[in-house]
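Colleague: Here you go, one structure.
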Amino acid sequence: MIIFFDPEAGESAVAAAEQLAARYPGITPRRFEYQGRESTFTEVHLIGSTAGVPTDVFENLEGVRRVVRVSTRYRLIGRHDNLTESWGFTYNGVRFDDRTVRLIAGLCAVDTPEYVGRTFAALADNGLVVSRMGAYKPRTSPYDFQGYGAECLPWVFELAGQHGIKVVTMEVTDARHIDEIRTALERTGHPTGVMLQVGTRNAQNFELLKQVGQQRTLPVLFKRGMGITLEESLNATEYVASEGNPNIIFCLRGVKTHLGDPHRNLVDFAHVPVLRRQTKLPVCIDPSHSVGGARGAPDGLSDIFHVTGQGIIAGATAVLVDFHPEPERALCDGPQALRLPQLPKFKAYVQRARQAYEDLVAIGS
Ligand code: PEP
Ligand code: MN
């Protein structure tokens, strides 16, 4: 059972509900706060068997907006029969939610300061403030380049700051990496922010998920597990939230099957509306790792553009996408990287797709 409070409900109203809840045997109240667009929302979750707990005693309390019996498994991230608002968050001055479209463009893996700097400069020229830069790279083969790790962090963060990049998404594969990132941010004076990426290979690495969830300073971009069901991925995402961090974006990146050939993965962006129905999380799509190549259709648009349009027109609001100044020289995933001169076209394409989405929503179904 979840008790939702009015944004203006004070501490005493929330505490009163918690005290009342704690009087029921076997029930433990847990408080969660998350940031809406204009205000902070408070929820108190009743943990334990709530079958014998009436809702009306809580509904009648001052400051309580609504009480919902939760039927789905995702108590925190779930949308609960459309009764709850979407989650979103503001990090380092940048808003992520289900209404603001964000391009998260950059290198799959950090390579040289020249390429990183050129990529940030191109983003800045296009008014973009969020980037992707992998420092820790789990690879299909262990003999492939694994990323420059902690040693590249200071100069990547400094370059980001110089170009006004506010958030860099970066995969972590071990709890140690979170500490390395925080240390590097501190040592460089926080020139930028970092969003921790949970990669598809770690979607069920529960120890990592707990570590990522137990800190609240850095938000999380959670990538769907490539070989597990959507429900299993969402259960894993719930782990992050249940450890205390609600600042999560869920990212579709395709699923592994040869039925997706010749794409790298089977594109799964039909799940965008499913995610928006089942969860409160902002939904991201990763067209680069889904498609895995820069080939195009006879209309002159590459498959990466096409599937991006499919995801945006279905309601996704973030796009994680690989760009590289010289894809043929990239140390990781060069074949799927778009080129920097394509950035303004990609941005325009996404804006038009979003407009089409809004127009289609207005028509209805
Ligand atoms: C990535 O985005 O850098 C990445 C490795 O993606 P995924 O975990 O989806 O394979
Ligand atoms: Mn990659």
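Naming works like this for the structure tokens: A, B, ... for the chains as they're shown, residue 1 at the start of each chain, ligands 1 onward in shown order.
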List every residue of chain A that has an atom at most 8 Å from any atom of ligand 2, giving for each one its closest atom pair and the distance in Å to one decimal, counting only C-alpha atoms and all ligand atoms, sorted by chain and then by ascending residue number, as CSV.
Modeller:
```
residue,atom,partner,partner_atom_place_in_ligand_line,distance
A:Cys108,CA,ligand 2,1 (Mn),4.8
A:Ala109,CA,ligand 2,1 (Mn),7.1
A:Lys137,CA,ligand 2,1 (Mn),7.9
A:Ser288,CA,ligand 2,1 (Mn),7.8
A:His289,CA,ligand 2,1 (Mn),6.2
A:Asp322,CA,ligand 2,1 (Mn),7.6
A:Cys332,CA,ligand 2,1 (Mn),6.2
A:Asp333,CA,ligand 2,1 (Mn),5.2
```
Colleague: For the residues in that selection, give me C-alpha atoms as an mmCIF file, in the first residue's frame.
Modeller:
```
data_model
loop_
_atom_site.group_PDB
_atom_site.id
_atom_site.type_symbol
_atom_site.label_atom_id
_atom_site.label_comp_id
_atom_site.auth_asym_id
_atom_site.auth_seq_id
_atom_site.Cartn_x
_atom_site.Cartn_y
_atom_site.Cartn_z
ATOM 1 C CA CYS A 108 30.967 4.685 -26.990
ATOM 2 C CA ALA A 109 34.392 4.584 -25.344
ATOM 3 C CA LYS A 137 33.876 -1.080 -21.120
ATOM 4 C CA SER A 288 23.208 2.563 -31.768
ATOM 5 C CA HIS A 289 23.529 -0.628 -29.754
ATOM 6 C CA ASP A 322 27.049 6.902 -30.430
ATOM 7 C CA CYS A 332 34.996 0.567 -29.670
ATOM 8 C CA ASP A 333 31.874 0.186 -31.813
#
```
Colleague: May I have the residues within 6 Å of ligand 1, computed using only C-alpha atoms and all ligand atoms, as an NGL selection string?
Modeller: :A and (108 or 134 or 199-201 or 223 or 253 or 289)
Colleague: Just write the chosen residues, all heavy atoms, as a compact mmCIF listing (two decimals), in the first residue's frame.
Modeller:
```
# COMPACT_ATOMS: atom_id res chain seq x y z
N CYS A 108 31.24 5.92 -27.71
CA CYS A 108 30.97 4.69 -26.99
C CYS A 108 32.03 4.54 -25.91
O CYS A 108 31.72 4.32 -24.75
CB CYS A 108 30.99 3.50 -27.95
SG CYS A 108 30.67 1.97 -27.10
N GLY A 134 32.18 6.30 -22.41
CA GLY A 134 32.45 5.09 -21.64
C GLY A 134 33.92 5.03 -21.23
O GLY A 134 34.82 5.12 -22.06
N GLY A 199 24.97 -1.39 -17.50
CA GLY A 199 24.95 -1.97 -18.84
C GLY A 199 24.11 -3.23 -18.91
O GLY A 199 23.79 -3.84 -17.88
N THR A 200 23.79 -3.60 -20.13
CA THR A 200 22.91 -4.75 -20.33
C THR A 200 23.47 -6.02 -19.69
O THR A 200 22.74 -6.86 -19.20
CB THR A 200 22.68 -4.95 -21.84
OG1 THR A 200 21.59 -5.83 -22.02
CG2 THR A 200 23.90 -5.48 -22.59
N ARG A 201 24.80 -6.14 -19.69
CA ARG A 201 25.42 -7.36 -19.13
C ARG A 201 25.34 -7.40 -17.61
O ARG A 201 25.55 -8.44 -17.00
CB ARG A 201 26.88 -7.45 -19.57
CG ARG A 201 27.05 -7.68 -21.05
CD ARG A 201 28.48 -7.39 -21.49
NE ARG A 201 28.60 -7.50 -22.94
CZ ARG A 201 28.23 -6.54 -23.77
NH1 ARG A 201 27.72 -5.41 -23.32
NH2 ARG A 201 28.36 -6.71 -25.08
N LYS A 223 20.09 -0.01 -18.36
CA LYS A 223 19.86 -0.60 -19.68
C LYS A 223 19.24 -1.98 -19.54
O LYS A 223 19.68 -2.80 -18.73
CB LYS A 223 21.16 -0.66 -20.47
CG LYS A 223 21.71 0.76 -20.70
CD LYS A 223 22.84 0.78 -21.68
CE LYS A 223 22.32 0.88 -23.10
NZ LYS A 223 23.44 1.09 -24.05
N ARG A 253 17.59 -1.15 -25.50
CA ARG A 253 18.78 -1.21 -26.36
C ARG A 253 18.77 -2.47 -27.23
O ARG A 253 19.79 -2.90 -27.73
CB ARG A 253 20.05 -1.12 -25.52
CG ARG A 253 20.08 -1.99 -24.30
CD ARG A 253 20.45 -3.41 -24.53
NE ARG A 253 21.85 -3.54 -24.89
CZ ARG A 253 22.34 -4.48 -25.67
NH1 ARG A 253 21.55 -5.42 -26.16
NH2 ARG A 253 23.62 -4.53 -25.97
N HIS A 289 23.27 0.75 -30.15
CA HIS A 289 23.53 -0.63 -29.75
C HIS A 289 22.42 -1.56 -30.23
O HIS A 289 22.62 -2.76 -30.32
CB HIS A 289 23.75 -0.73 -28.24
CG HIS A 289 25.07 -0.16 -27.82
ND1 HIS A 289 25.26 1.19 -27.63
CD2 HIS A 289 26.27 -0.75 -27.64
CE1 HIS A 289 26.53 1.40 -27.32
NE2 HIS A 289 27.17 0.24 -27.32
```
Colleague: What lies within 7 Å of Gln35 of chain A using only C-alpha atoms, ignoring chain neighbours under 6 positions off, as number ranges by chain?
Modeller: A: 41, 88-89
Colleague: Would you save the residues from that selection as a PDB file, in the first residue's frame, using C-alpha atoms?
Modeller:
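See out28.pdb below for the written result:
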```
ATOM      1  CA  PHE A  41       6.531  14.527  -3.602  1.00  0.00           C
ATOM      2  CA  GLY A  88      11.644  12.577 -13.287  1.00  0.00           C
ATOM      3  CA  PHE A  89      14.568  14.385 -11.766  1.00  0.00           C
TER       4      PHE A  89
END
```
Colleague: Can you pull out every residue from segment 55-139 of chain A that DSSP, working from the backbone, puts in strand (DSSP E), and format the result as a ChimeraX atom specification?
Modeller: /A:64-68,89-91,94-96,102-109,130-134
Colleague: Rounded to one decimal place, report the atom CA of Asp286 of chain A-atom CA of Asn126 of chain A distance in Å.
Modeller: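 If I compute the distance from atom CA of Asp286 of chain A to atom CA of Asn126 of chain A, I get 19.7 Å.
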